[in-house]
Each structure stands twice: as structure tokens, then as C-alpha cells.
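A.B. asks: Dropping the structure in here first, questions after.
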Amino acid sequence: QVQLVESGGGLVQAGGSLRLSCAASGRTFSSYTMGWFRQAPGKERDFVAAINWSGGRIDYADSVKGRFTISRDNAKNTVYLQMNSLKPEDTAVYYCAADRAKMRIRLTRDGTDFGSWGQGTQVTVSA
């Protein structure tokens with residue numbers, strides 16, 4: 001099991017930027033795919049981005065492609081989500097998640113493949 005703690009959320013105007021961080025502890029961070037998901041009020045949780053254990057494979061939801069960047073620092077056991085050109089529709093609670101499987105070959109967008117979740121951090125984008 002891995003423990004995840006997100007930080008970096010807040011209130012920002014449309015067009016602004018935020019950088020989310022997710023610090024992991026409890027198991028070998030560098031062996032697992034990490035993902036970011038988000039959930040807006042009254043909506044289901046949606047996939048945002050994922051990065052494989054080495055950082056060599058990355059996937060983004062179409063809604064954030066070209067604006068968000070996921071990265072990881074395995075030496076610091078931390079995964080990041082740089083969010084630029086934010087829009088009001090990006091408003092949500094953002095969750096960091098760690099894959100259940102070690103060194104998964106293919107990236108996954110399925111939340112059920114992620115066995116550990118952070119508590120979430122609120123991102124609010126004003127118009």
C-alpha cells in the first residue's frame with residue numbers, strides 16, 4: 001500500500017496556472033504508474049493524465065492535452081501536474097492515484113486499476 005498526499009490546489013483566474021504535487025510513501029514509488037483524476041460537483045470522476053513508472057510513457061485526456069503536463073521525480077517520490085491556460089470547466093477536486101500493478105506495460109485510464117488514492121485537492125478556476 002502507498003500513501004499519497006496532494007498539494008498545490010487553489011483559486012485561480014481563467015488563463016492562469018497551477019502546479020499540483022503528489023508525495024508518495026510506503027512502497028517503491030518508481031515501479032508504479034501514477035495518475036491524476038478529477039471530479040467536479042455532481043459529476044463522475046474523470047481521468048486527467050497518467051505517467052508510467054519510468055516517465056517514458058504519458059497519456060492525457062483530450063480535454064487537457066496541450067495545457068496540462070504530468071511529470072515525476074522518482075528520487076523525490078513525487079508526481080506533478082502542471083496546469084496552464086486553466087478554464088472554468090477545469091474546476092474540480094483533483095486526485096492523485098497509484099497503479100495496483102507493478103511496471104504495467106500499457107498505460108491505463110481506468111480508475112479501478114489504481115489501488116491507492118490521495119485525499120484530493122480543490123482547484124477552482126474563476127471566469
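Letters A, B, ... mark the chains of the C-alpha cells in the order given; residue numbers begin at 1 per chain; ligand numbers begin at 1, in order shown.
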Excluding segment 25-42 of chain A and any residue of its chain fewer than 6 positions from it, enumerate the residues within 6 Å of it, using only C-alpha atoms, and give them as JSON, numbers by chain.
C.D. replies: {"A": [2, 3, 48, 49, 50, 51, 52, 53, 74, 77, 92, 93, 94, 95, 96, 97, 98, 99, 102, 103]}
A.B. asks: Determine which residues of chain A DSSP labels as helix (DSSP H, G or I) from the backbone of this structure, then write them out as a ChimeraX atom specification.
C.D. replies: /A:29-31,88-90,111-113
A.B. asks: Find the distance between atom CA of Arg57 of chain A and atom CA of Leu107 of chain A and write it in Å to one decimal.
C.D. replies: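 Interatomic distance here is 7.4 Å.
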A.B. asks: For atom CA of Asn84 of chain A and atom CA of Gly15 of chain A, quote the distance in Å rounded to one decimal.
C.D. replies: 7.0 Å
A.B. asks: Show me, as a list in words, the residues that have an atom within 8 Å of Thr91 of chain A when counting only C-alpha atoms, minus same-chain residues fewer than 2 positions from it.
C.D. replies: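 Everything that qualifies: Ala40, Lys87, Pro88, Glu89, Val93, Gln122, Val123, Thr124 and Val125 of chain A.
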